[in-house]
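K.L.:
Okay, so here is data.cif, and as you'll see once you scroll down, it has mmCIF, C-alpha atoms.
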```
data_start
#
loop_
_atom_site.group_PDB
_atom_site.id
_atom_site.type_symbol
_atom_site.label_atom_id
_atom_site.label_comp_id
_atom_site.auth_asym_id
_atom_site.auth_seq_id
_atom_site.Cartn_x
_atom_site.Cartn_y
_atom_site.Cartn_z
ATOM 1 C CA MET A 20 0.000 0.000 0.000
ATOM 2 C CA LEU A 21 2.950 2.363 0.514
ATOM 3 C CA PRO A 22 3.695 3.013 -3.198
ATOM 4 C CA ALA A 23 0.079 4.081 -3.756
ATOM 5 C CA THR A 24 0.248 6.230 -0.628
ATOM 6 C CA ALA A 25 3.434 7.895 -1.851
ATOM 7 C CA VAL A 26 1.875 8.653 -5.240
ATOM 8 C CA SER A 27 -1.256 10.077 -3.604
ATOM 9 C CA LEU A 28 0.812 12.307 -1.328
ATOM 10 C CA ALA A 29 2.976 13.433 -4.260
ATOM 11 C CA VAL A 30 -0.100 14.383 -6.293
ATOM 12 C CA LEU A 31 -1.533 16.296 -3.326
ATOM 13 C CA ALA A 32 1.802 18.056 -2.782
ATOM 14 C CA ALA A 33 1.917 19.091 -6.444
ATOM 15 C CA LEU A 34 -1.620 20.476 -6.265
ATOM 16 C CA LEU A 35 -0.856 22.432 -3.094
ATOM 17 C CA ALA A 36 2.430 23.733 -4.493
ATOM 18 C CA TRP A 37 0.932 25.558 -7.443
ATOM 19 C CA PRO A 38 -2.676 25.306 -8.728
ATOM 20 C CA VAL A 39 -4.489 25.497 -5.385
ATOM 21 C CA PRO A 40 -2.549 28.561 -4.084
ATOM 22 C CA ALA A 41 -2.885 30.199 -7.507
ATOM 23 C CA LEU A 42 -6.660 29.712 -7.499
ATOM 24 C CA LEU A 43 -7.053 30.976 -3.938
ATOM 25 C CA ALA A 44 -4.825 34.003 -4.581
ATOM 26 C CA ARG A 45 -6.981 34.979 -7.603
ATOM 27 C CA ALA A 46 -10.306 34.281 -5.917
ATOM 28 C CA ARG A 47 -12.547 37.175 -4.906
ATOM 29 C CA TRP A 48 -14.273 35.568 -1.924
ATOM 30 C CA PRO A 49 -11.328 35.895 0.560
ATOM 31 C CA ARG A 50 -11.963 39.645 0.724
ATOM 32 C CA ARG A 51 -15.477 38.886 1.906
ATOM 33 C CA ASP A 52 -14.160 36.945 4.906
ATOM 34 C CA PRO A 53 -10.413 37.397 5.543
ATOM 35 C CA LEU A 54 -10.464 35.263 8.688
ATOM 36 C CA VAL A 55 -11.776 32.172 6.884
ATOM 37 C CA ALA A 56 -9.340 32.784 4.029
ATOM 38 C CA LEU A 57 -6.444 32.966 6.498
ATOM 39 C CA VAL A 58 -7.481 29.605 7.945
ATOM 40 C CA CYS A 59 -7.493 28.151 4.416
ATOM 41 C CA TRP A 60 -4.024 29.546 3.676
ATOM 42 C CA GLN A 61 -2.629 28.057 6.892
ATOM 43 C CA ALA A 62 -4.153 24.685 5.974
ATOM 44 C CA ILE A 63 -2.626 24.839 2.485
ATOM 45 C CA GLY A 64 0.820 25.592 3.880
ATOM 46 C CA LEU A 65 0.731 22.860 6.532
ATOM 47 C CA ALA A 66 -0.811 20.221 4.278
ATOM 48 C CA GLY A 67 1.590 21.056 1.449
ATOM 49 C CA GLY A 68 4.664 20.641 3.620
ATOM 50 C CA LEU A 69 3.338 17.449 5.169
ATOM 51 C CA SER A 70 2.495 16.003 1.747
ATOM 52 C CA MET A 71 5.892 16.798 0.216
ATOM 53 C CA ILE A 72 7.888 15.347 3.072
ATOM 54 C CA GLY A 73 5.428 12.479 3.580
ATOM 55 C CA ALA A 74 5.581 11.333 -0.034
ATOM 56 C CA LEU A 75 9.372 11.103 0.050
ATOM 57 C CA LEU A 76 9.398 9.450 3.466
ATOM 58 C CA VAL A 77 6.778 6.878 2.520
ATOM 59 C CA HIS A 78 8.601 5.890 -0.663
ATOM 60 C CA GLY A 79 11.960 5.729 1.044
ATOM 61 C CA LEU A 80 10.698 3.502 3.881
ATOM 62 C CA SER A 81 8.554 1.200 1.734
ATOM 63 C CA PRO A 82 11.063 -1.731 1.844
ATOM 64 C CA TRP A 83 10.737 -1.898 5.641
ATOM 65 C CA GLY A 84 6.979 -2.369 5.936
ATOM 66 C CA HIS A 85 3.500 -2.196 4.441
ATOM 67 C CA SER A 86 2.568 0.948 6.365
ATOM 68 C CA LEU A 87 4.493 3.987 7.529
ATOM 69 C CA PRO A 88 4.157 3.187 11.250
ATOM 70 C CA GLU A 89 5.286 -0.389 10.592
ATOM 71 C CA ALA A 90 8.242 0.779 8.504
ATOM 72 C CA LEU A 91 9.305 3.319 11.112
ATOM 73 C CA ARG A 92 9.064 0.696 13.838
ATOM 74 C CA SER A 93 11.218 -1.685 11.800
ATOM 75 C CA VAL A 94 13.878 0.953 11.196
ATOM 76 C CA LEU A 95 13.953 2.114 14.809
ATOM 77 C CA THR A 96 14.260 -1.460 16.091
ATOM 78 C CA ALA A 97 16.957 -2.282 13.494
ATOM 79 C CA HIS A 98 14.887 -4.939 11.727
ATOM 80 C CA PRO A 99 16.143 -5.790 8.239
ATOM 81 C CA ALA A 100 14.194 -4.594 5.216
ATOM 82 C CA ALA A 101 11.669 -7.085 3.843
ATOM 83 C CA ASP A 102 12.299 -5.964 0.250
ATOM 84 C CA PRO A 103 15.477 -4.868 -1.548
ATOM 85 C CA VAL A 104 16.530 -1.307 -0.769
ATOM 86 C CA ARG A 105 17.326 0.502 -4.020
ATOM 87 C CA GLY A 106 19.120 3.743 -4.654
ATOM 88 C CA ASP A 107 15.852 5.623 -5.187
ATOM 89 C CA HIS A 108 14.765 4.669 -1.656
ATOM 90 C CA TRP A 109 17.935 6.150 -0.166
ATOM 91 C CA ALA A 110 17.599 9.217 -2.382
ATOM 92 C CA ALA A 111 13.984 9.746 -1.235
ATOM 93 C CA LEU A 112 14.954 9.414 2.434
ATOM 94 C CA THR A 113 17.840 11.829 1.990
ATOM 95 C CA LEU A 114 15.667 14.360 0.177
ATOM 96 C CA ALA A 115 12.946 14.036 2.826
ATOM 97 C CA GLY A 116 15.500 14.771 5.549
ATOM 98 C CA VAL A 117 16.957 17.710 3.647
ATOM 99 C CA LEU A 118 13.543 19.189 2.864
ATOM 100 C CA ALA A 119 12.264 18.778 6.433
ATOM 101 C CA SER A 120 15.454 20.272 7.843
ATOM 102 C CA GLU A 121 15.304 23.184 5.428
ATOM 103 C CA LEU A 122 11.654 24.010 6.066
ATOM 104 C CA LEU A 123 11.955 23.739 9.843
ATOM 105 C CA GLY A 124 15.376 25.383 9.874
ATOM 106 C CA VAL A 125 14.250 28.341 7.792
ATOM 107 C CA LEU A 126 11.138 28.703 9.960
ATOM 108 C CA VAL A 127 13.223 28.822 13.135
ATOM 109 C CA LEU A 128 15.818 31.091 11.522
ATOM 110 C CA SER A 129 13.110 33.463 10.266
ATOM 111 C CA TRP A 130 11.596 33.602 13.745
ATOM 112 C CA VAL A 131 14.980 34.277 15.358
ATOM 113 C CA ARG A 132 15.943 36.966 12.850
ATOM 114 C CA THR A 133 12.562 38.676 12.996
ATOM 115 C CA THR A 134 12.508 38.572 16.795
ATOM 116 C CA ARG A 135 16.032 40.004 16.967
ATOM 117 C CA THR A 136 15.169 42.760 14.491
ATOM 118 C CA ARG A 137 12.012 43.690 16.374
ATOM 119 C CA ARG A 138 13.851 43.737 19.689
ATOM 120 C CA ARG A 139 16.521 46.027 18.254
ATOM 121 C CA HIS A 140 13.926 48.405 16.785
ATOM 122 C CA ARG A 141 11.980 48.373 20.046
ATOM 123 C CA GLU A 142 15.074 49.239 22.087
ATOM 124 C CA LEU A 143 15.951 52.106 19.751
ATOM 125 C CA LEU A 144 12.409 53.445 19.654
ATOM 126 C CA GLU A 145 12.041 53.371 23.418
ATOM 127 C CA LEU A 146 14.879 55.904 23.569
ATOM 128 C CA VAL A 147 13.046 58.472 21.435
ATOM 129 C CA VAL A 148 9.300 57.898 21.891
ATOM 130 C CA GLU A 149 7.080 59.332 24.592
ATOM 131 C CA PRO A 150 3.817 57.983 26.079
ATOM 132 C CA SER A 151 0.666 59.533 24.651
ATOM 133 C CA ALA A 152 -1.518 61.385 27.129
ATOM 134 C CA GLU A 153 -4.673 60.943 25.035
ATOM 135 C CA LEU A 154 -4.167 57.397 23.683
ATOM 136 C CA PRO A 155 -3.375 54.715 26.281
ATOM 137 C CA ASP A 156 -0.659 52.151 25.520
ATOM 138 C CA THR A 157 0.489 54.291 22.587
ATOM 139 C CA ARG A 158 3.863 55.994 22.081
ATOM 140 C CA LEU A 159 4.497 59.180 20.127
ATOM 141 C CA LEU A 160 7.472 59.562 17.783
ATOM 142 C CA ASP A 161 8.678 63.004 16.711
ATOM 143 C CA HIS A 162 8.756 62.493 12.934
ATOM 144 C CA PRO A 163 7.129 64.590 10.175
ATOM 145 C CA ALA A 164 5.988 61.631 8.051
ATOM 146 C CA PRO A 165 2.528 60.145 8.808
ATOM 147 C CA VAL A 166 3.551 56.813 10.325
ATOM 148 C CA ALA A 167 1.664 54.321 12.485
ATOM 149 C CA PHE A 168 2.881 50.830 13.286
ATOM 150 C CA CYS A 169 3.138 48.215 15.990
ATOM 151 C CA ILE A 170 6.024 45.962 16.918
ATOM 152 C CA PRO A 171 4.654 42.657 18.242
ATOM 153 C CA GLY A 172 6.359 40.474 20.796
ATOM 154 C CA ALA A 173 6.538 39.915 24.530
ATOM 155 C CA ARG A 174 6.608 43.702 25.017
ATOM 156 C CA PRO A 175 4.507 45.066 22.135
ATOM 157 C CA LEU A 176 4.965 48.650 21.081
ATOM 158 C CA LEU A 177 2.367 50.791 19.297
ATOM 159 C CA VAL A 178 3.814 53.946 17.754
ATOM 160 C CA LEU A 179 2.282 57.018 16.132
ATOM 161 C CA SER A 180 4.399 59.760 14.593
ATOM 162 C CA SER A 181 3.816 63.436 15.238
ATOM 163 C CA GLY A 182 3.144 63.791 11.518
ATOM 164 C CA MET A 183 0.309 61.269 11.781
ATOM 165 C CA VAL A 184 -1.186 62.992 14.810
ATOM 166 C CA ALA A 185 -1.050 66.368 13.031
ATOM 167 C CA GLU A 186 -2.668 65.053 9.846
ATOM 168 C CA LEU A 187 -5.567 63.042 11.312
ATOM 169 C CA ASP A 188 -8.508 64.054 13.453
ATOM 170 C CA GLY A 189 -9.504 62.292 16.658
ATOM 171 C CA ASP A 190 -11.762 59.680 15.038
ATOM 172 C CA GLN A 191 -9.166 58.822 12.405
ATOM 173 C CA LEU A 192 -6.455 58.436 15.041
ATOM 174 C CA ALA A 193 -8.740 56.121 16.990
ATOM 175 C CA ALA A 194 -9.245 54.064 13.833
ATOM 176 C CA VAL A 195 -5.486 53.735 13.292
ATOM 177 C CA VAL A 196 -4.903 52.698 16.898
ATOM 178 C CA ALA A 197 -7.744 50.166 16.722
ATOM 179 C CA HIS A 198 -6.204 48.677 13.579
ATOM 180 C CA GLU A 199 -2.793 48.265 15.183
ATOM 181 C CA ARG A 200 -4.288 46.839 18.377
ATOM 182 C CA ALA A 201 -6.100 44.252 16.259
ATOM 183 C CA HIS A 202 -2.722 43.121 14.896
ATOM 184 C CA LEU A 203 -1.371 42.722 18.402
ATOM 185 C CA ARG A 204 -4.446 41.095 19.920
ATOM 186 C CA GLU A 205 -4.801 38.470 17.176
ATOM 187 C CA HIS A 206 -1.032 37.837 16.841
ATOM 188 C CA HIS A 207 -1.030 38.404 13.092
ATOM 189 C CA HIS A 208 2.757 38.234 12.984
ATOM 190 C CA LEU A 209 2.500 34.517 13.777
ATOM 191 C CA LEU A 210 0.158 33.989 10.817
ATOM 192 C CA LEU A 211 2.695 35.632 8.509
ATOM 193 C CA LEU A 212 5.773 33.802 9.789
ATOM 194 C CA PRO A 213 5.193 30.408 8.057
ATOM 195 C CA PHE A 214 4.789 32.123 4.693
ATOM 196 C CA VAL A 215 7.889 34.250 5.192
ATOM 197 C CA ALA A 216 9.765 30.997 5.841
ATOM 198 C CA TRP A 217 8.074 29.227 2.903
ATOM 199 C CA GLU A 218 9.135 31.971 0.503
ATOM 200 C CA ALA A 219 12.690 31.958 1.889
ATOM 201 C CA ALA A 220 13.002 28.153 1.767
ATOM 202 C CA LEU A 221 11.499 27.732 -1.717
ATOM 203 C CA PRO A 222 12.251 30.950 -3.619
ATOM 204 C CA VAL A 223 11.926 29.204 -7.001
ATOM 205 C CA LEU A 224 8.321 28.252 -6.239
ATOM 206 C CA PRO A 225 6.018 31.032 -7.531
ATOM 207 C CA ALA A 226 3.270 29.966 -5.144
ATOM 208 C CA ALA A 227 5.453 30.816 -2.131
ATOM 209 C CA GLY A 228 5.686 34.506 -2.990
ATOM 210 C CA ARG A 229 2.052 34.603 -4.066
ATOM 211 C CA ALA A 230 0.930 33.045 -0.788
ATOM 212 C CA HIS A 231 2.997 35.465 1.308
ATOM 213 C CA ALA A 232 1.547 38.482 -0.504
ATOM 214 C CA ALA A 233 -2.011 37.155 -0.219
ATOM 215 C CA VAL A 234 -1.701 36.417 3.501
ATOM 216 C CA ARG A 235 -0.187 39.833 4.185
ATOM 217 C CA GLU A 236 -3.110 41.512 2.418
ATOM 218 C CA LEU A 237 -5.658 39.384 4.274
ATOM 219 C CA VAL A 238 -4.030 40.140 7.628
ATOM 220 C CA GLU A 239 -4.462 43.858 6.981
ATOM 221 C CA MET A 240 -8.080 43.377 5.891
ATOM 222 C CA ARG A 241 -8.762 41.342 9.009
ATOM 223 C CA ALA A 242 -7.288 44.118 11.158
ATOM 224 C CA ASP A 243 -9.516 46.607 9.324
ATOM 225 C CA ASP A 244 -12.587 44.504 10.112
ATOM 226 C CA VAL A 245 -11.675 44.172 13.792
ATOM 227 C CA ALA A 246 -10.995 47.893 14.026
ATOM 228 C CA LEU A 247 -14.389 48.739 12.531
ATOM 229 C CA GLY A 248 -16.085 46.783 15.308
ATOM 230 C CA SER A 249 -14.658 49.129 17.941
ATOM 231 C CA LEU A 250 -15.186 52.453 16.170
ATOM 232 C CA SER A 251 -18.011 54.879 16.816
ATOM 233 C CA GLY A 252 -19.239 57.721 14.682
ATOM 234 C CA THR A 253 -21.541 58.001 11.701
ATOM 235 C CA ALA A 254 -19.138 56.701 9.042
ATOM 236 C CA PRO A 255 -16.435 54.473 10.564
ATOM 237 C CA ARG A 256 -15.566 52.910 7.201
ATOM 238 C CA ARG A 257 -14.865 56.274 5.615
ATOM 239 C CA THR A 258 -12.924 57.342 8.690
ATOM 240 C CA LEU A 259 -10.645 54.303 8.538
ATOM 241 C CA ALA A 260 -10.255 54.626 4.757
ATOM 242 C CA ARG A 261 -9.077 58.232 5.098
ATOM 243 C CA ALA A 262 -6.614 57.181 7.792
ATOM 244 C CA ILE A 263 -5.204 54.451 5.539
ATOM 245 C CA VAL A 264 -4.762 56.900 2.664
ATOM 246 C CA ALA A 265 -3.003 59.364 4.966
ATOM 247 C CA ALA A 266 -0.699 56.671 6.339
ATOM 248 C CA ALA A 267 0.236 55.435 2.861
ATOM 249 C CA GLY A 268 2.622 58.371 2.458
ATOM 250 C CA GLY A 269 4.760 57.199 5.371
ATOM 251 C CA GLY A 270 4.875 53.504 4.509
ATOM 252 C CA GLU A 271 8.597 53.595 3.691
ATOM 253 C CA GLU A 272 9.389 54.777 7.234
ATOM 254 C CA VAL A 273 7.958 51.657 8.903
ATOM 255 C CA PRO A 274 10.656 49.528 10.569
ATOM 256 C CA ARG A 275 11.286 46.053 9.219
ATOM 257 C CA GLY A 276 9.287 43.416 11.068
ATOM 258 C CA ALA A 277 6.576 45.852 12.164
ATOM 259 C CA LEU A 278 2.910 45.695 11.210
ATOM 260 C CA ALA A 279 1.537 48.970 9.898
ATOM 261 C CA VAL A 280 -1.820 50.375 8.908
ATOM 262 C CA SER A 281 -0.200 51.322 5.574
ATOM 263 C CA GLY A 282 0.817 47.736 4.805
ATOM 264 C CA GLY A 283 -0.731 45.338 2.319
ATOM 265 C CA ALA A 284 -2.624 46.588 -0.758
ATOM 266 C CA THR A 285 -3.890 49.914 0.570
ATOM 267 C CA GLY A 286 -5.868 50.612 -2.605
ATOM 268 C CA ALA A 287 -7.797 47.353 -2.414
ATOM 269 C CA ARG A 288 -8.447 47.906 1.285
ATOM 270 C CA VAL A 289 -9.794 51.420 0.733
ATOM 271 C CA VAL A 290 -12.120 50.179 -2.009
ATOM 272 C CA ARG A 291 -13.257 47.352 0.253
ATOM 273 C CA LEU A 292 -14.016 49.788 3.072
ATOM 274 C CA LEU A 293 -15.923 52.251 0.911
ATOM 275 C CA GLU A 294 -17.716 49.548 -1.095
ATOM 276 C CA PRO A 295 -17.978 46.673 1.373
ATOM 277 C CA PRO A 296 -18.570 43.264 -0.221
ATOM 278 C CA SER A 297 -21.442 41.153 0.997
ATOM 279 C CA PRO A 298 -20.399 38.711 3.749
ATOM 280 C CA LEU A 299 -20.020 35.050 2.922
ATOM 281 C CA PRO A 300 -23.233 33.070 3.476
ATOM 282 C CA VAL A 301 -23.010 30.949 6.609
ATOM 283 C CA PRO A 302 -23.128 27.606 4.694
ATOM 284 C CA VAL A 303 -20.304 28.752 2.400
ATOM 285 C CA ARG A 304 -18.271 29.911 5.387
ATOM 286 C CA TRP A 305 -18.620 26.550 7.123
ATOM 287 C CA ALA A 306 -17.892 24.714 3.882
ATOM 288 C CA ALA A 307 -14.619 26.640 3.504
ATOM 289 C CA LEU A 308 -13.626 25.875 7.096
ATOM 290 C CA ALA A 309 -14.531 22.210 6.630
ATOM 291 C CA SER A 310 -12.445 22.115 3.456
ATOM 292 C CA ALA A 311 -9.467 23.528 5.371
ATOM 293 C CA GLY A 312 -9.874 20.854 8.028
ATOM 294 C CA LEU A 313 -10.214 18.147 5.406
ATOM 295 C CA LEU A 314 -7.086 19.415 3.702
ATOM 296 C CA LEU A 315 -5.145 18.723 6.882
ATOM 297 C CA LEU A 316 -6.798 15.366 7.488
ATOM 298 C CA VAL A 317 -6.105 13.938 4.015
ATOM 299 C CA PRO A 318 -2.283 13.755 4.208
ATOM 300 C CA THR A 319 -2.468 12.722 7.849
ATOM 301 C CA GLY A 320 -4.901 9.958 6.947
ATOM 302 C CA LEU A 321 -2.783 8.797 4.021
ATOM 303 C CA LEU A 322 0.186 8.444 6.369
ATOM 304 C CA VAL A 323 -1.635 6.713 9.224
ATOM 305 C CA LEU A 324 -4.714 4.870 7.924
ATOM 306 C CA PRO A 325 -2.924 2.100 5.978
ATOM 307 C CA ALA A 326 -1.753 0.775 9.352
ATOM 308 C CA LEU A 327 -5.289 0.319 10.672
#
```
Can you dump the structure from the file as structure tokens?
P.N.:
Amino acid sequence: MLPATAVSLAVLAALLAWPVPALLARARWPRRDPLVALVCWQAIGLAGGLSMIGALLVHGLSPWGHSLPEALRSVLTAHPAADPVRGDHWAALTLAGVLASELLGVLVLSWVRTTRTRRRHRELLELVVEPSAELPDTRLLDHPAPVAFCIPGARPLLVLSSGMVAELDGDQLAAVVAHERAHLREHHHLLLLPFVAWEAALPVLPAAGRAHAAVRELVEMRADDVALGSLSGTAPRRTLARAIVAAAGGGEEVPRGALAVSGGATGARVVRLLEPPSPLPVPVRWAALASAGLLLLVPTGLLVLPAL
């Protein structure tokens, strides 16, 4: 059963490496529900990595057993292979180890580098920013450009520049702060990290860059939606849209590793705020979530079920 399992996992890996991400990146429905779309993207990334490594591992271990658990048990207990071990088996095992090490290593390295960069920026900013008297948990930076960003981490930092404060009114400033607090509260930096690592580990794969860009845009749209829920006034959507347009001029001043209200397809976000799309119907929303769950269960099932 292992050869068929390996082929099935390889086909699934190929689908998740290109056509499925391409279709989701071009689809219009994610803008109607960024949260559900983010769940789908996470499922694609996890299932794709599991399928790629699983297909190689299953093929490489096939001489040791009729199921992956059996083969692993035979190898770990030093039982001899039941079938001849060919060069392609060793090549598959080697490639599986290299790919797993690269994906996990790049993920850890990306986390370490990003954390170090954010800590350095935070330490530098804390020397020049001042607490805001009007906006709690917000720091003010003396800078003419309209800049607003947050640096996530164990000690998150939410920063507004003096240029931003001068350009926006009270409602617009509240919208910007609500947007940045949404990033911090929902830990959006953790949703982005796997796709940063995916793009770094597989730069030749077009889907990696496409997925990273799509997730970054969806994270900003999700923060917009969360911010709208906490805003008052007669036209909160227009208020937030004006704040985004104002912040777009200072996007180049945002530190690396920060999350900013000016990040991720500002034009599309402004259009979405001023002309809000209809929400996904509840059945469609649950169908998308179920599909994401099924996407994770399929490779897991292909690896485990043959042993039952």
K.L.:
Give me, as a list in words, all polymer residues having an atom no more than 7 Å from region 35-50 of chain A, counting only C-alpha atoms and skipping those fewer than 2 positions away in the same chain.
P.N.:
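Listing them by chain and then by number gives Leu31, Ala32, Ala33, Asp52, Pro53, Ala56, Ile63, Gly67, Ala226, Arg229, Ala230 and Ala233 of chain A.
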K.L.:
For the residues in the current selection, export C-alpha atoms as a short mmCIF file (atom, residue, chain, number, x, y, z; two decimals), in the frame of the given file.
P.N.:
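Contents of again.cif, freshly written:
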```
data_model
loop_
_atom_site.label_atom_id
_atom_site.label_comp_id
_atom_site.auth_asym_id
_atom_site.auth_seq_id
_atom_site.Cartn_x
_atom_site.Cartn_y
_atom_site.Cartn_z
CA LEU A 31 -1.53 16.30 -3.33
CA ALA A 32 1.80 18.06 -2.78
CA ALA A 33 1.92 19.09 -6.44
CA ASP A 52 -14.16 36.94 4.91
CA PRO A 53 -10.41 37.40 5.54
CA ALA A 56 -9.34 32.78 4.03
CA ILE A 63 -2.63 24.84 2.48
CA GLY A 67 1.59 21.06 1.45
CA ALA A 226 3.27 29.97 -5.14
CA ARG A 229 2.05 34.60 -4.07
CA ALA A 230 0.93 33.04 -0.79
CA ALA A 233 -2.01 37.16 -0.22
#
```
K.L.:
Hey, which of A:Ser120, A:Ser310, A:Ser93, A:Thr258 ends up closest to Gly189 (chain A)? Count only C-alpha atoms.
P.N.:
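For Gly189 (chain A), the nearest of the candidates is A:Thr258.
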K.L.:
Fewer than 4 positions away in the same chain doesn't count, so skip those; otherwise give me all residues within 9 Å of Leu203 (chain A), counting all atoms listed in the file, as a list in words.
P.N.:
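Here the answer would be Cys169, Ile170, Pro171, Gly172, Pro175, Leu177, Glu199, His207, His208 and Leu278 of chain A.
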K.L.:
Just the residues within 9 Å of Ser27 (chain A), please, counting all atoms listed in the file, with nothing from its chain fewer than 3 positions along; format it as a list in words.
P.N.:
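Near Ser27 (chain A), the qualifying residues are Pro22, Ala23, Thr24, Val30, Leu31, Ala32, Ser70, Ala74, Pro318 and Leu321 of chain A.
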K.L.:
Translate the PyMOL selection byres ((chain A and resi 95-105) around 12), as applied to the file shown, into an explicit residue set as JSON, numbers by chain.
P.N.:
{"A": [78, 79, 80, 81, 82, 83, 84, 85, 88, 89, 90, 91, 92, 93, 94, 106, 107, 108, 109, 110, 111, 112]}
K.L.:
I'd like the contact shell of Ala201 (chain A) - 9 Å cut-off, all atoms listed in the file, skipping same-chain residues fewer than 5 positions apart - returned as a PyMOL selection string.
P.N.:
chain A and resi 196+206-207+241-246
K.L.:
Take CA of Ala66 (chain A) and CA of Ala119 (chain A) and report the distance between them in Å, one decimal.
P.N.:
13.3 Å
K.L.:
Go through A:Gly269, A:Arg304, A:Ser86, A:Arg137 one by one, measure the shortest atom-to-atom distance of each to His162 (chain A) using all atoms listed in the file, and give the residue with the smallest value.
P.N.:
A:Gly269
K.L.:
With only C-alpha atoms as the counted atoms, please give the residues lying no more than 10 Å from Val184 (chain A), apart from itself and same-chain residues fewer than 2 positions off, as an NGL selection string.
P.N.:
:A and (159-160 or 163-167 or 179-182 or 186-189 or 191-192)
K.L.:
Write the selection just made, keeping C-alpha atoms, as a PDB file, in the frame of the given file?
P.N.:
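To be explicit, this is the file written out as part12.pdb:
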```pdb
ATOM      1  CA  LEU A 159       4.497  59.180  20.127  1.00  0.00           C
ATOM      2  CA  LEU A 160       7.472  59.562  17.783  1.00  0.00           C
ATOM      3  CA  PRO A 163       7.129  64.590  10.175  1.00  0.00           C
ATOM      4  CA  ALA A 164       5.988  61.631   8.051  1.00  0.00           C
ATOM      5  CA  PRO A 165       2.528  60.145   8.808  1.00  0.00           C
ATOM      6  CA  VAL A 166       3.551  56.813  10.325  1.00  0.00           C
ATOM      7  CA  ALA A 167       1.664  54.321  12.485  1.00  0.00           C
ATOM      8  CA  LEU A 179       2.282  57.018  16.132  1.00  0.00           C
ATOM      9  CA  SER A 180       4.399  59.760  14.593  1.00  0.00           C
ATOM     10  CA  SER A 181       3.816  63.436  15.238  1.00  0.00           C
ATOM     11  CA  GLY A 182       3.144  63.791  11.518  1.00  0.00           C
ATOM     12  CA  GLU A 186      -2.668  65.053   9.846  1.00  0.00           C
ATOM     13  CA  LEU A 187      -5.567  63.042  11.312  1.00  0.00           C
ATOM     14  CA  ASP A 188      -8.508  64.054  13.453  1.00  0.00           C
ATOM     15  CA  GLY A 189      -9.504  62.292  16.658  1.00  0.00           C
ATOM     16  CA  GLN A 191      -9.166  58.822  12.405  1.00  0.00           C
ATOM     17  CA  LEU A 192      -6.455  58.436  15.041  1.00  0.00           C
TER      18      LEU A 192
END
```
K.L.:
My list of candidates is A:Val148, A:Cys59, A:Leu324, A:Ala25. Which is closest to Leu237 (chain A) when distances are computed with all atoms listed in the file?
P.N.:
A:Cys59
K.L.:
When the PyMOL selection byres ((chain A and resi 227) around 9) is applied to the file above, which residues end up in the set, as a PDB file with C-alpha atoms, keeping the file's coordinate frame?
P.N.:
```pdb
ATOM      1  CA  ALA A  36       2.430  23.733  -4.493  1.00  0.00           C
ATOM      2  CA  TRP A  37       0.932  25.558  -7.443  1.00  0.00           C
ATOM      3  CA  PRO A  40      -2.549  28.561  -4.084  1.00  0.00           C
ATOM      4  CA  PHE A 214       4.789  32.123   4.693  1.00  0.00           C
ATOM      5  CA  VAL A 215       7.889  34.250   5.192  1.00  0.00           C
ATOM      6  CA  TRP A 217       8.074  29.227   2.903  1.00  0.00           C
ATOM      7  CA  GLU A 218       9.135  31.971   0.503  1.00  0.00           C
ATOM      8  CA  ALA A 219      12.690  31.958   1.889  1.00  0.00           C
ATOM      9  CA  ALA A 220      13.002  28.153   1.767  1.00  0.00           C
ATOM     10  CA  LEU A 221      11.499  27.732  -1.717  1.00  0.00           C
ATOM     11  CA  PRO A 222      12.251  30.950  -3.619  1.00  0.00           C
ATOM     12  CA  VAL A 223      11.926  29.204  -7.001  1.00  0.00           C
ATOM     13  CA  LEU A 224       8.321  28.252  -6.239  1.00  0.00           C
ATOM     14  CA  PRO A 225       6.018  31.032  -7.531  1.00  0.00           C
ATOM     15  CA  ALA A 226       3.270  29.966  -5.144  1.00  0.00           C
ATOM     16  CA  GLY A 228       5.686  34.506  -2.990  1.00  0.00           C
ATOM     17  CA  ARG A 229       2.052  34.603  -4.066  1.00  0.00           C
ATOM     18  CA  ALA A 230       0.930  33.045  -0.788  1.00  0.00           C
ATOM     19  CA  HIS A 231       2.997  35.465   1.308  1.00  0.00           C
ATOM     20  CA  ALA A 232       1.547  38.482  -0.504  1.00  0.00           C
TER      21      ALA A 232
END
```
K.L.:
Show me the residues close to (8.3, 39.1, 13.6) - anything with an atom within 9 Å, counting all atoms listed in the file - and format the list as a list of chain:residue names.
P.N.:
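Here the neighbourhood of the point contains A:Ser129, A:Trp130, A:Val131, A:Arg132, A:Thr133, A:Thr134, A:Arg135, A:Thr136, A:Arg137, A:Ile170, A:Pro171, A:Gly172, A:His208, A:Leu209, A:Leu211, A:Leu212, A:Arg275, A:Gly276, A:Ala277, A:Leu278.
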K.L.:
Report, as JSON, the axis-aligned box around all atoms of region 264-272 of chain A present in the file, extended by 5 Å on each side; give centre and edge lengths in Å to one decimal place.
P.N.:
```
{"center_x": 2.3, "center_y": 56.4, "center_z": 4.8, "size_x": 24.2, "size_y": 15.9, "size_z": 14.8}
```
K.L.:
Selection in question (the file shown): the PyMOL selection byres ((chain A and resi 311-313) around 10). Which residues does it include, as a PyMOL selection string?
P.N.:
chain A and resi 55-63+66+305-310+314-320
